[in-house]
file query07.cif (mmCIF, C-alpha atoms (C1' of nucleotides))
data_my_file
loop_
_atom_site.label_atom_id
_atom_site.label_comp_id
_atom_site.auth_asym_id
_atom_site.auth_seq_id
_atom_site.Cartn_x
_atom_site.Cartn_y
_atom_site.Cartn_z
CA MET G 262 -46.97 30.94 -21.26
CA GLU G 263 -44.46 29.17 -19.07
CA LEU G 264 -42.88 25.89 -20.10
CA THR G 265 -41.76 23.19 -17.74
CA THR G 266 -38.60 21.21 -18.42
CA ALA G 267 -40.58 18.29 -19.76
CA THR G 268 -42.59 20.39 -22.18
CA LYS G 269 -39.46 22.16 -23.35
CA GLU G 270 -37.88 18.81 -24.01
CA PHE G 271 -40.90 17.64 -25.92
CA ILE G 272 -41.16 20.73 -28.08
CA THR G 273 -37.46 20.67 -28.86
CA HIS G 274 -37.58 17.06 -29.83
CA TRP G 275 -40.72 17.40 -31.88
CA GLY G 276 -39.02 20.14 -33.84
CA GLU G 277 -35.98 17.96 -34.33
CA MET G 278 -38.09 15.06 -35.46
CA GLY G 279 -40.13 17.29 -37.72
CA THR G 280 -37.09 17.98 -39.85
CA ARG G 281 -36.66 14.25 -40.35
CA TRP G 282 -40.28 13.98 -41.37
CA GLY G 283 -39.78 16.67 -43.95
CA ILE G 284 -41.45 19.32 -41.82
CA ASN G 285 -39.79 22.59 -41.01
CA ARG G 286 -38.36 22.68 -37.49
CA THR G 287 -40.17 25.75 -36.22
CA VAL G 288 -43.43 24.65 -37.78
CA ALA G 289 -43.15 21.39 -35.91
CA GLN G 290 -42.38 23.25 -32.70
CA ILE G 291 -45.47 25.37 -33.07
CA HIS G 292 -47.46 22.22 -33.57
CA ALA G 293 -45.90 20.63 -30.49
CA LEU G 294 -46.74 23.64 -28.37
CA LEU G 295 -50.34 23.68 -29.50
CA PHE G 296 -50.56 19.94 -28.98
CA ILE G 297 -49.71 20.11 -25.31
CA SER G 298 -51.52 23.35 -24.66
CA GLU G 299 -54.77 22.95 -22.81
CA THR G 300 -56.31 25.96 -24.52
CA PRO G 301 -55.86 27.49 -27.96
CA LEU G 302 -53.11 30.09 -28.14
CA THR G 303 -52.68 33.37 -29.97
CA ALA G 304 -49.87 33.89 -32.45
CA ASP G 305 -48.24 36.32 -30.05
CA GLU G 306 -48.27 33.83 -27.23
CA ILE G 307 -46.64 31.27 -29.50
CA SER G 308 -44.08 33.78 -30.67
CA ASP G 309 -43.19 34.74 -27.09
CA THR G 310 -43.14 31.23 -25.72
CA LEU G 311 -40.96 29.76 -28.45
CA SER G 312 -38.91 32.91 -29.08
CA ILE G 313 -39.50 32.92 -32.79
CA ALA G 314 -40.40 35.93 -34.89
CA ARG G 315 -44.04 36.84 -35.08
CA SER G 316 -43.92 36.62 -38.85
CA THR G 317 -42.48 33.15 -38.75
CA VAL G 318 -45.31 32.07 -36.50
CA SER G 319 -47.79 33.49 -38.96
CA THR G 320 -46.30 31.53 -41.85
CA GLY G 321 -46.01 28.39 -39.76
CA LEU G 322 -49.61 28.55 -38.65
CA HIS G 323 -50.71 28.89 -42.24
CA GLU G 324 -48.78 25.83 -43.18
CA LEU G 325 -50.26 23.85 -40.31
CA GLN G 326 -53.71 24.99 -41.34
CA SER G 327 -53.08 23.92 -44.92
CA TRP G 328 -52.31 20.49 -43.54
CA ASP G 329 -55.53 20.69 -41.56
CA LEU G 330 -53.63 20.01 -38.38
CA VAL G 331 -54.45 23.34 -36.79
CA ARG G 332 -57.62 25.40 -36.71
CA ILE G 333 -58.46 28.98 -35.89
CA VAL G 334 -60.61 29.28 -32.83
CA HIS G 335 -62.39 32.51 -31.99
CA MET G 336 -62.75 33.38 -28.34
CA LEU G 337 -65.66 35.46 -27.19
CA GLY G 338 -64.66 39.05 -26.60
CA ASP G 339 -61.24 38.70 -28.16
CA ARG G 340 -60.45 40.03 -31.61
CA ARG G 341 -57.34 37.96 -31.96
CA ASP G 342 -57.19 34.60 -33.63
CA HIS G 343 -56.47 31.68 -31.36
CA PHE G 344 -55.08 28.43 -32.64
CA GLY G 345 -55.73 24.88 -31.54
CA THR G 346 -54.67 21.47 -32.80
CA ARG G 347 -56.56 18.42 -33.74
CA SER G 348 -56.73 16.30 -30.61
CA ASP G 349 -56.94 12.74 -31.93
CA VAL G 350 -53.47 11.36 -32.44
CA TRP G 351 -54.67 8.78 -34.95
CA GLU G 352 -56.39 11.37 -37.06
CA MET G 353 -53.30 13.50 -36.86
CA PHE G 354 -51.06 10.82 -38.25
CA SER G 355 -53.53 9.70 -40.82
CA ILE G 356 -53.41 13.25 -42.15
CA VAL G 357 -49.64 13.31 -42.13
CA LEU G 358 -49.48 9.93 -43.81
CA ASN G 359 -51.90 11.05 -46.46
CA GLU G 360 -49.89 14.16 -47.16
CA ARG G 361 -46.76 12.10 -47.41
CA ARG G 362 -48.42 9.80 -49.90
CA ARG G 363 -49.45 12.79 -51.93
CA ARG G 364 -45.95 14.22 -51.94
CA GLU G 365 -43.81 11.11 -52.05
CA MET G 366 -45.72 8.51 -54.02
CA ASP G 367 -48.21 10.20 -56.33
CA PRO G 368 -45.61 12.05 -58.39
CA THR G 369 -43.51 8.93 -58.81
CA LEU G 370 -46.50 6.91 -59.87
CA ASN G 371 -47.33 9.52 -62.48
CA VAL G 372 -43.83 9.73 -63.85
CA LEU G 373 -43.47 5.96 -64.00
CA ARG G 374 -46.71 5.69 -65.93
CA GLU G 375 -45.65 8.38 -68.37
CA ILE G 376 -42.30 6.76 -68.95
CA MET G 377 -43.83 3.35 -69.45
CA ASP G 378 -46.15 4.88 -72.02
CA GLU G 379 -43.26 6.35 -73.95
CA LEU G 380 -41.27 3.19 -73.66
CA GLY G 381 -44.21 1.08 -74.69
CA ASP G 382 -44.05 2.27 -78.29
CA SER G 383 -40.36 2.06 -79.03
CA GLU G 384 -40.19 -1.72 -78.98
CA SER G 385 -36.43 -1.48 -78.75
CA GLU G 386 -33.10 -1.40 -76.98
CA ASP G 387 -34.46 -0.52 -73.57
CA GLU G 388 -35.82 -3.94 -72.82
CA PHE G 389 -34.04 -4.25 -69.50
CA THR G 390 -34.97 -0.76 -68.37
CA ARG G 391 -38.58 -1.40 -69.26
CA GLU G 392 -38.68 -4.52 -67.13
CA ARG G 393 -37.09 -2.76 -64.22
CA LEU G 394 -39.45 0.17 -64.35
CA GLN G 395 -42.41 -2.13 -64.75
CA GLU G 396 -41.48 -3.87 -61.50
CA LEU G 397 -41.27 -0.51 -59.83
CA LEU G 398 -44.61 0.54 -61.22
CA ASP G 399 -46.26 -2.70 -60.11
CA PHE G 400 -44.87 -2.20 -56.66
CA PHE G 401 -46.15 1.33 -56.33
CA GLU G 402 -49.55 0.39 -57.64
CA THR G 403 -49.88 -2.45 -55.17
CA ILE G 404 -48.91 -0.23 -52.27
CA MET G 405 -51.31 2.45 -53.38
CA SER G 406 -54.17 0.03 -53.59
CA LEU G 407 -53.33 -1.32 -50.16
CA TYR G 408 -53.26 2.18 -48.83
CA GLU G 409 -56.60 3.03 -50.34
CA GLN G 410 -58.17 -0.06 -48.87
CA LEU G 411 -57.00 0.86 -45.40
CA GLU G 412 -57.98 4.46 -45.88
CA ASN G 413 -61.58 3.45 -46.41
CA LEU G 414 -61.82 1.60 -43.14
CA PRO G 415 -63.37 3.56 -40.31
CA LEU G 416 -60.71 4.87 -37.99
CA SER G 417 -62.04 2.89 -35.06
CA SER G 418 -61.48 -0.35 -36.96
CA VAL G 419 -57.94 0.58 -37.78
CA LYS G 420 -57.25 1.29 -34.15
CA ASN G 421 -58.67 -2.05 -33.13
CA ILE G 422 -56.77 -3.96 -35.74
CA ALA G 423 -53.58 -2.28 -34.73
CA LYS G 424 -54.08 -3.10 -31.07
CA MET G 425 -55.21 -6.64 -31.74
CA GLY G 426 -51.82 -8.30 -31.67
CA ASN G 427 -50.66 -11.34 -33.59
CA LEU G 428 -51.76 -9.65 -36.75
CA ALA G 429 -49.17 -11.54 -38.72
CA GLY G 430 -50.55 -14.92 -37.81
CA LYS G 431 -54.09 -13.88 -38.50
CA LEU G 432 -53.18 -12.50 -41.85
CA LEU G 433 -51.49 -15.73 -42.78
CA GLY G 434 -54.65 -17.52 -41.75
CA ILE G 435 -56.80 -15.72 -44.28
CA MET G 436 -54.35 -15.97 -47.11
CA PRO G 437 -55.16 -18.18 -50.01
CA VAL G 438 -53.05 -21.31 -50.18
CA GLN G 439 -49.77 -20.76 -51.96
CA LYS G 440 -48.82 -22.69 -55.01
CA MET N 39 -22.79 4.99 -70.85
CA GLU N 40 -25.47 6.58 -73.00
CA LEU N 41 -28.86 7.48 -71.60
CA THR N 42 -32.09 7.48 -73.51
CA THR N 43 -34.71 10.14 -72.92
CA ALA N 44 -36.76 7.79 -70.80
CA THR N 45 -33.88 6.82 -68.55
CA LYS N 46 -32.85 10.44 -68.19
CA GLU N 47 -36.36 11.25 -67.12
CA PHE N 48 -36.40 8.44 -64.63
CA ILE N 49 -33.06 9.33 -63.07
CA THR N 50 -33.99 12.98 -62.81
CA HIS N 51 -37.27 12.18 -61.18
CA TRP N 52 -35.81 9.61 -58.81
CA GLY N 53 -33.36 12.26 -57.65
CA GLU N 54 -36.17 14.73 -57.19
CA MET N 55 -38.21 12.22 -55.26
CA GLY N 56 -35.20 11.20 -53.18
CA THR N 57 -35.06 14.65 -51.66
CA ARG N 58 -38.65 14.25 -50.52
CA TRP N 59 -37.78 10.92 -48.99
CA GLY N 60 -34.95 12.50 -47.06
CA ILE N 61 -32.31 11.16 -49.41
CA ASN N 62 -29.75 13.37 -51.07
CA ARG N 63 -30.57 14.14 -54.70
CA THR N 64 -27.34 12.91 -56.26
CA VAL N 65 -27.28 9.82 -54.08
CA ALA N 66 -30.75 8.98 -55.31
CA GLN N 67 -29.66 9.58 -58.89
CA ILE N 68 -26.77 7.21 -58.52
CA HIS N 69 -29.17 4.66 -57.17
CA ALA N 70 -31.54 5.19 -60.07
CA LEU N 71 -28.78 4.74 -62.59
CA LEU N 72 -27.62 1.51 -61.01
CA PHE N 73 -31.19 0.32 -60.76
CA ILE N 74 -31.80 0.51 -64.50
CA SER N 75 -28.32 -0.57 -65.50
CA GLU N 76 -28.14 -4.08 -66.77
CA THR N 77 -24.60 -4.54 -65.47
CA PRO N 78 -22.76 -3.13 -62.46
CA LEU N 79 -20.98 0.15 -63.15
CA THR N 80 -17.70 1.66 -62.04
CA ALA N 81 -17.55 4.91 -60.13
CA ASP N 82 -16.04 6.61 -63.13
CA GLU N 83 -18.82 5.50 -65.41
CA ILE N 84 -21.34 6.85 -62.94
CA SER N 85 -19.45 10.09 -62.62
CA ASP N 86 -19.31 10.55 -66.40
CA THR N 87 -22.88 9.51 -67.07
CA LEU N 88 -24.43 11.73 -64.44
CA SER N 89 -21.88 14.55 -64.70
CA ILE N 90 -21.15 14.65 -61.01
CA ALA N 91 -17.73 14.85 -59.42
CA ARG N 92 -15.87 11.63 -58.93
CA SER N 93 -15.57 12.35 -55.20
CA THR N 94 -19.27 12.91 -54.85
CA VAL N 95 -19.90 9.55 -56.47
CA SER N 96 -17.54 7.94 -54.00
CA THR N 97 -19.37 9.42 -51.04
CA GLY N 98 -22.75 8.60 -52.51
CA LEU N 99 -21.82 4.99 -53.13
CA HIS N 100 -20.67 4.67 -49.55
CA GLU N 101 -23.96 5.97 -48.33
CA LEU N 102 -25.87 3.57 -50.55
CA GLN N 103 -23.74 0.72 -49.29
CA SER N 104 -24.36 1.72 -45.70
CA TRP N 105 -28.06 1.40 -46.48
CA ASP N 106 -27.32 -1.98 -47.99
CA LEU N 107 -28.94 -0.90 -51.22
CA VAL N 108 -25.79 -1.17 -53.29
CA ARG N 109 -22.99 -3.72 -53.31
CA ILE N 110 -19.49 -3.82 -54.67
CA VAL N 111 -19.11 -6.39 -57.42
CA HIS N 112 -15.70 -7.49 -58.60
CA MET N 113 -15.32 -8.31 -62.25
CA LEU N 114 -12.77 -10.80 -63.36
CA GLY N 115 -9.66 -9.13 -64.75
CA ASP N 116 -10.67 -5.63 -63.62
CA ARG N 117 -9.14 -3.98 -60.62
CA ARG N 118 -11.84 -1.40 -60.38
CA ASP N 119 -14.83 -1.71 -58.10
CA HIS N 120 -18.12 -2.12 -59.87
CA PHE N 121 -21.38 -1.34 -58.20
CA GLY N 122 -24.76 -2.98 -58.51
CA THR N 123 -28.12 -2.53 -56.80
CA ARG N 124 -30.36 -4.89 -55.03
CA SER N 125 -32.80 -6.14 -57.62
CA ASP N 126 -35.92 -6.95 -55.63
CA VAL N 127 -38.09 -3.86 -55.34
CA TRP N 128 -39.86 -5.16 -52.26
CA GLU N 129 -36.62 -5.79 -50.45
CA MET N 130 -35.44 -2.38 -51.50
CA PHE N 131 -38.40 -0.62 -49.95
CA SER N 132 -38.43 -2.77 -46.90
CA ILE N 133 -34.89 -1.56 -46.27
CA VAL N 134 -35.83 2.05 -46.83
CA LEU N 135 -38.86 1.70 -44.60
CA ASN N 136 -36.79 0.14 -41.88
CA GLU N 137 -34.27 2.93 -42.05
CA ARG N 138 -37.05 5.45 -41.85
CA ARG N 139 -38.44 3.79 -38.79
CA ARG N 140 -35.02 3.90 -37.21
CA ARG N 141 -34.61 7.58 -37.97
CA GLU N 142 -38.14 8.88 -37.59
CA MET N 143 -39.79 6.81 -34.91
CA ASP N 144 -37.20 5.26 -32.61
CA PRO N 145 -35.84 8.57 -31.32
CA THR N 146 -39.32 9.90 -30.64
CA LEU N 147 -40.29 6.77 -28.79
CA ASN N 148 -37.22 7.08 -26.61
CA VAL N 149 -37.77 10.73 -25.86
CA LEU N 150 -41.44 10.19 -25.07
CA ARG N 151 -40.57 7.41 -22.66
CA GLU N 152 -37.96 9.53 -20.94
CA ILE N 153 -40.31 12.44 -20.59
CA MET N 154 -43.08 10.25 -19.24
CA ASP N 155 -40.64 8.90 -16.67
CA GLU N 156 -39.74 12.37 -15.50
CA LEU N 157 -43.34 13.46 -15.49
CA GLY N 158 -44.41 10.34 -13.66
CA ASP N 159 -42.82 11.49 -10.42
CA SER N 160 -43.90 15.09 -10.21
CA GLU N 161 -47.57 14.30 -9.57
CA SER N 162 -48.40 17.87 -10.41
CA GLU N 163 -49.47 20.75 -12.60
CA ASP N 164 -48.72 19.02 -15.89
CA GLU N 165 -51.73 16.76 -15.81
CA PHE N 166 -52.96 17.76 -19.23
CA THR N 167 -49.54 17.51 -20.82
CA ARG N 168 -49.06 14.09 -19.32
CA GLU N 169 -52.29 12.83 -20.81
CA ARG N 170 -51.44 14.22 -24.20
CA LEU N 171 -48.00 12.70 -24.25
CA GLN N 172 -49.35 9.41 -23.00
CA GLU N 173 -51.71 9.26 -25.99
CA LEU N 174 -48.80 9.95 -28.24
CA LEU N 175 -46.70 7.28 -26.61
CA ASP N 176 -49.51 4.73 -26.84
CA PHE N 177 -49.88 5.52 -30.49
CA PHE N 178 -46.21 5.11 -31.28
CA GLU N 179 -46.01 1.87 -29.33
CA THR N 180 -48.97 0.42 -31.18
CA ILE N 181 -47.53 1.33 -34.54
CA MET N 182 -44.16 -0.06 -33.62
CA SER N 183 -45.65 -3.35 -32.53
CA LEU N 184 -47.64 -3.52 -35.76
CA TYR N 185 -44.52 -2.84 -37.71
CA GLU N 186 -42.58 -5.55 -35.93
CA GLN N 187 -45.31 -8.06 -36.56
CA LEU N 188 -45.24 -7.37 -40.26
CA GLU N 189 -41.47 -7.32 -40.33
CA ASN N 190 -41.36 -10.91 -39.14
CA LEU N 191 -43.52 -12.19 -41.94
CA PRO N 192 -41.62 -13.71 -44.83
CA LEU N 193 -41.44 -11.29 -47.72
CA SER N 194 -43.36 -13.59 -50.01
CA SER N 195 -46.33 -13.50 -47.65
CA VAL N 196 -46.30 -9.75 -47.53
CA LYS N 197 -46.34 -9.58 -51.30
CA ASN N 198 -49.25 -11.95 -51.48
CA ILE N 199 -51.22 -10.16 -48.83
CA ALA N 200 -50.66 -6.89 -50.59
CA LYS N 201 -51.81 -8.21 -53.92
CA MET N 202 -54.76 -10.06 -52.45
CA GLY N 203 -57.28 -7.28 -52.69
CA ASN N 204 -60.21 -6.57 -50.41
CA LEU N 205 -57.84 -6.60 -47.48
CA ALA N 206 -60.09 -4.27 -45.58
CA GLY N 207 -63.03 -6.61 -45.64
CA LYS N 208 -60.97 -9.58 -44.68
CA LEU N 209 -59.41 -7.74 -41.81
CA LEU N 210 -62.82 -6.77 -40.52
CA GLY N 211 -63.79 -10.41 -40.77
CA ILE N 212 -61.10 -11.54 -38.38
CA MET N 213 -61.59 -8.76 -35.92
CA PRO N 214 -63.03 -9.62 -32.55
CA VAL N 215 -66.59 -8.43 -32.11
CA GLN N 216 -66.74 -4.88 -30.87
CA LYS N 217 -68.41 -4.01 -27.62
"C1'" DT A 272 10.13 0.07 -53.66
"C1'" DC A 273 8.53 2.64 -57.42
"C1'" DG A 274 4.82 4.19 -60.06
"C1'" DA A 275 0.34 3.68 -62.10
"C1'" DA A 276 -4.46 3.01 -61.31
"C1'" DC A 277 -7.98 3.61 -58.36
"C1'" DT A 278 -10.37 5.47 -54.17
"C1'" DT A 279 -11.18 8.47 -50.25
"C1'" DT A 280 -10.73 12.64 -47.42
"C1'" DC A 281 -11.34 17.31 -46.73
"C1'" DG A 282 -11.61 22.50 -47.04
"C1'" DG A 283 -14.19 25.68 -49.01
"C1'" DA A 284 -17.43 27.63 -52.62
"C1'" DA A 285 -22.13 27.60 -54.07
"C1'" DA A 286 -26.95 26.75 -53.56
"C1'" DG A 287 -30.99 26.32 -50.98
"C1'" DG A 288 -33.86 26.85 -47.03
"C1'" DA A 289 -35.14 29.02 -42.71
"C1'" DC A 290 -35.86 33.04 -40.12
"C1'" DC A 291 -35.98 37.81 -38.95
"C1'" DG A 292 -37.80 42.54 -38.90
"C1'" DA A 293 -39.58 46.34 -41.40
"C1'" DA A 294 -43.22 47.71 -44.00
"C1'" DA A 295 -47.70 46.88 -46.06
"C1'" DT A 296 -52.28 45.36 -45.45
"C1'" DA A 297 -56.53 44.25 -43.13
"C1'" DA A 298 -59.99 44.61 -39.45
"C1'" DC A 299 -62.20 47.15 -36.36
"C1'" DA A 300 -63.73 50.74 -32.78
"C1'" DA A 301 -64.63 55.38 -32.03
"C1'" DT I 178 -62.57 58.98 -41.58
"C1'" DT I 179 -58.63 58.11 -38.21
"C1'" DG I 180 -56.02 55.70 -34.99
"C1'" DT I 181 -55.21 51.20 -33.02
"C1'" DT I 182 -54.54 46.49 -33.02
"C1'" DA I 183 -53.89 42.16 -35.55
"C1'" DT I 184 -51.96 39.82 -39.46
"C1'" DT I 185 -49.32 39.05 -43.70
"C1'" DT I 186 -45.82 39.94 -47.21
"C1'" DC I 187 -41.28 40.39 -48.56
"C1'" DG I 188 -36.23 41.49 -49.01
"C1'" DG I 189 -32.25 40.24 -47.11
"C1'" DT I 190 -29.23 37.68 -43.84
"C1'" DC I 191 -27.80 33.68 -41.68
"C1'" DC I 192 -27.25 28.76 -41.43
"C1'" DT I 193 -27.14 24.22 -43.35
"C1'" DT I 194 -26.36 21.10 -46.89
"C1'" DT I 195 -24.48 19.80 -51.18
"C1'" DC I 196 -20.89 19.37 -54.26
"C1'" DC I 197 -16.52 20.22 -56.25
"C1'" DG I 198 -11.47 19.58 -56.97
"C1'" DA I 199 -7.06 19.11 -55.01
"C1'" DA I 200 -4.47 16.38 -52.20
"C1'" DA I 201 -3.71 12.30 -49.62
"C1'" DG I 202 -4.27 7.46 -49.22
"C1'" DT I 203 -4.51 2.63 -50.90
"C1'" DT I 204 -3.60 -1.31 -53.78
"C1'" DC I 205 -1.07 -3.84 -56.72
"C1'" DG I 206 1.97 -5.09 -60.64
"C1'" DA I 207 6.60 -4.88 -62.14
#
call {"tool": "encode", "arguments": {"input": "query07.cif", "output": "structure tokens"}}
result
Amino acid sequence: MELTTATKEFITHWGEMGTRWGINRTVAQIHALLFISETPLTADEISDTLSIARSTVSTGLHELQSWDLVRIVHMLGDRRDHFGTRSDVWEMFSIVLNERRRREMDPTLNVLREIMDELGDSESEDEFTRERLQELLDFFETIMSLYEQLENLPLSSVKNIAKMGNLAGKLLGIMPVQK
Amino acid sequence: MELTTATKEFITHWGEMGTRWGINRTVAQIHALLFISETPLTADEISDTLSIARSTVSTGLHELQSWDLVRIVHMLGDRRDHFGTRSDVWEMFSIVLNERRRREMDPTLNVLREIMDELGDSESEDEFTRERLQELLDFFETIMSLYEQLENLPLSSVKNIAKMGNLAGKLLGIMPVQK
DNA sequence: TCGAACTTTCGGAAAGGACCGAAATAACAA
DNA sequence: TTGTTATTTCGGTCCTTTCCGAAAGTTCGA
């Protein structure tokens, strides 16, 4: 598979950006390639096109599948596995966001709850710490609940809300009056 | 400075979590320590308490200051710099979120725009790629605009909105009727 | 201007993560 | 079965990042 300058640029950058998103560079590159490929590709094609070891491609594809960003596609008359990406960008990012939540917020929420439990008993010295951690816990719980509320909206609604414009003003409009 | 079991747990975990947020483990630990400390601490105290090299603390504090998460506090009759954190959790995360946007979205937006420019001319082969990247660009632009709208709300409003509950329903209520 | 207290810079060691390629395994046709 | 093609596993190497400690730099009182 031949790459044009533009696609090369895109793949390179997506890899770069992947690392900042906590995703392995080559894994992100594989994803980028599949994203702009019109048809599903075989692991060998990916390996050749991106010049990365066949084994690395294999591992990367597994990771992408575990994220549910990539699927195996079987082509009639071809024994080899072909791989294609999810096409809807919104779905794609909702998956990534969800995974991030799972990795970056859930554990913290759990730990904070545990610690608050422990601290709850020992009515003691740690008064300041307790307050501080309670604030943190409240914050995380609020964000989580917000997240869950949005998660339950149909995707189409989210898209529309996002594109609506002047969201800020409208939100203010529905807020209860402040004391 | 002596640490209780609970605070040790918290600091350890915050460091752990920092790495997942793209923040260096020890830097995150320093932040955690300052966050639960009732008074600002000196670099030496931090170094001793966390058992990390004095120089590492220095670097870490600089990084935290560059994020505007930590500030130097001068104590009367003490030449040494003392360091304290921002106290408002919401402010804290709004800063982190903003930094993330700067690092994780801005560059991609720029690259996508550049590539679309290049691709715009060569009315050619890359039709499919162009479409794909256009979707991506649209997505990023929508999210960015959303983000900016929320950013301009006063923090107090954001807090209230977040705590309001049933946001989803209310949002649907203000949405224009779908075709 | 000297020296003491404090802070930063920097080279390199150590740790961790990414990636390769060889070998093992699996899937299939003949 | 047996050979052939496709895929995965795994040990080791390379590369990056983190962290230390020594040395240099800064600030300030005497």
call {"tool": "interface_residues", "arguments": {"input": "query07.cif", "of": "chain G", "to": "chain A", "cutoff": "10 Å", "atoms": "only C-alpha atoms (C1' of nucleotides)", "output": "short mmCIF file (atom, residue, chain, number, x, y, z; two decimals) with C-alpha atoms, in the coordinates of the input"}}
result
data_model
loop_
_atom_site.label_atom_id
_atom_site.label_comp_id
_atom_site.auth_asym_id
_atom_site.auth_seq_id
_atom_site.Cartn_x
_atom_site.Cartn_y
_atom_site.Cartn_z
CA ASN G 285 -39.79 22.59 -41.01
CA ARG G 286 -38.36 22.68 -37.49
CA THR G 287 -40.17 25.75 -36.22
CA ILE G 313 -39.50 32.92 -32.79
CA ALA G 314 -40.40 35.93 -34.89
CA ARG G 315 -44.04 36.84 -35.08
CA SER G 316 -43.92 36.62 -38.85
CA THR G 317 -42.48 33.15 -38.75
CA ARG G 340 -60.45 40.03 -31.61
#
call {"tool": "interface_residues", "arguments": {"input": "query07.cif", "of": "chain I", "to": "chain G", "cutoff": "9 Å", "atoms": "all atoms listed in the file", "output": "list in words"}}
result
DT182, DA183, DT184 and DT185 of chain I
call {"tool": "interface_residues", "arguments": {"input": "query07.cif", "of": "chain N", "to": "chain G", "cutoff": "8 Å", "atoms": "all atoms listed in the file", "output": "VMD selection string"}}
result
chain N and resid 44 to 45 47 to 48 51 to 52 55 58 to 60 73 to 76 127 to 128 141 to 142 146 149 to 150 153 156 to 157 166 to 167 170 to 171 173 to 174 177 180 to 181 183 to 184 187 to 188 190 to 191 195 198 to 206 208 to 210 212 to 213
call {"tool": "atom_distance", "arguments": {"input": "query07.cif", "atom1": "atom C1' of DT195 of chain I", "atom2": "atom CA of Val65 of chain N"}}
result
10.8 Å
call {"tool": "atom_distance", "arguments": {"input": "query07.cif", "atom1": "atom CA of Gln172 of chain N", "atom2": "atom CA of Arg362 of chain G"}}
result
26.9 Å
call {"tool": "closest_residue", "arguments": {"input": "query07.cif", "among": "N:Ser89, N:Asn148, N:Thr50, N:Ser104", "to": "DC197 of chain I", "atoms": "all atoms listed in the file"}}
result
N:Ser89
call {"tool": "atom_distance", "arguments": {"input": "query07.cif", "atom1": "atom CA of Lys269 of chain G", "atom2": "atom CA of Thr300 of chain G"}}
result
17.3 Å
call {"tool": "build_atoms", "arguments": {"input": "query07.cif", "residues": "segment 179-192 of chain N", "atoms": "N, CA and C atoms", "output": "mmCIF file, in the frame of the given file"}}
result
data_model
loop_
_atom_site.group_PDB
_atom_site.id
_atom_site.type_symbol
_atom_site.label_atom_id
_atom_site.label_comp_id
_atom_site.auth_asym_id
_atom_site.auth_seq_id
_atom_site.Cartn_x
_atom_site.Cartn_y
_atom_site.Cartn_z
ATOM 1 N N GLU N 179 -46.272 3.261 -29.716
ATOM 2 C CA GLU N 179 -46.010 1.870 -29.330
ATOM 3 C C GLU N 179 -46.863 0.904 -30.137
ATOM 4 N N THR N 180 -48.093 1.279 -30.372
ATOM 5 C CA THR N 180 -48.970 0.420 -31.180
ATOM 6 C C THR N 180 -48.420 0.262 -32.593
ATOM 7 N N ILE N 181 -48.049 1.379 -33.167
ATOM 8 C CA ILE N 181 -47.530 1.330 -34.540
ATOM 9 C C ILE N 181 -46.253 0.501 -34.615
ATOM 10 N N MET N 182 -45.401 0.693 -33.624
ATOM 11 C CA MET N 182 -44.160 -0.060 -33.620
ATOM 12 C C MET N 182 -44.433 -1.562 -33.534
ATOM 13 N N SER N 183 -45.368 -1.929 -32.692
ATOM 14 C CA SER N 183 -45.650 -3.350 -32.530
ATOM 15 C C SER N 183 -46.222 -3.907 -33.838
ATOM 16 N N LEU N 184 -47.091 -3.122 -34.459
ATOM 17 C CA LEU N 184 -47.640 -3.520 -35.760
ATOM 18 C C LEU N 184 -46.514 -3.744 -36.750
ATOM 19 N N TYR N 185 -45.635 -2.786 -36.773
ATOM 20 C CA TYR N 185 -44.520 -2.840 -37.710
ATOM 21 C C TYR N 185 -43.684 -4.089 -37.484
ATOM 22 N N GLU N 186 -43.394 -4.368 -36.226
ATOM 23 C CA GLU N 186 -42.580 -5.550 -35.930
ATOM 24 C C GLU N 186 -43.266 -6.837 -36.361
ATOM 25 N N GLN N 187 -44.573 -6.862 -36.156
ATOM 26 C CA GLN N 187 -45.310 -8.060 -36.560
ATOM 27 C C GLN N 187 -45.198 -8.293 -38.062
ATOM 28 N N LEU N 188 -45.318 -7.216 -38.813
ATOM 29 C CA LEU N 188 -45.240 -7.370 -40.260
ATOM 30 C C LEU N 188 -43.819 -7.695 -40.713
ATOM 31 N N GLU N 189 -42.873 -7.116 -39.987
ATOM 32 C CA GLU N 189 -41.470 -7.320 -40.330
ATOM 33 C C GLU N 189 -41.095 -8.800 -40.254
ATOM 34 N N ASN N 190 -41.724 -9.506 -39.346
ATOM 35 C CA ASN N 190 -41.360 -10.910 -39.140
ATOM 36 C C ASN N 190 -42.003 -11.862 -40.128
ATOM 37 N N LEU N 191 -42.934 -11.338 -40.909
ATOM 38 C CA LEU N 191 -43.520 -12.190 -41.940
ATOM 39 C C LEU N 191 -42.500 -12.389 -43.062
ATOM 40 N N PRO N 192 -42.489 -13.569 -43.673
ATOM 41 C CA PRO N 192 -41.620 -13.710 -44.830
ATOM 42 C C PRO N 192 -42.085 -12.761 -45.941
#
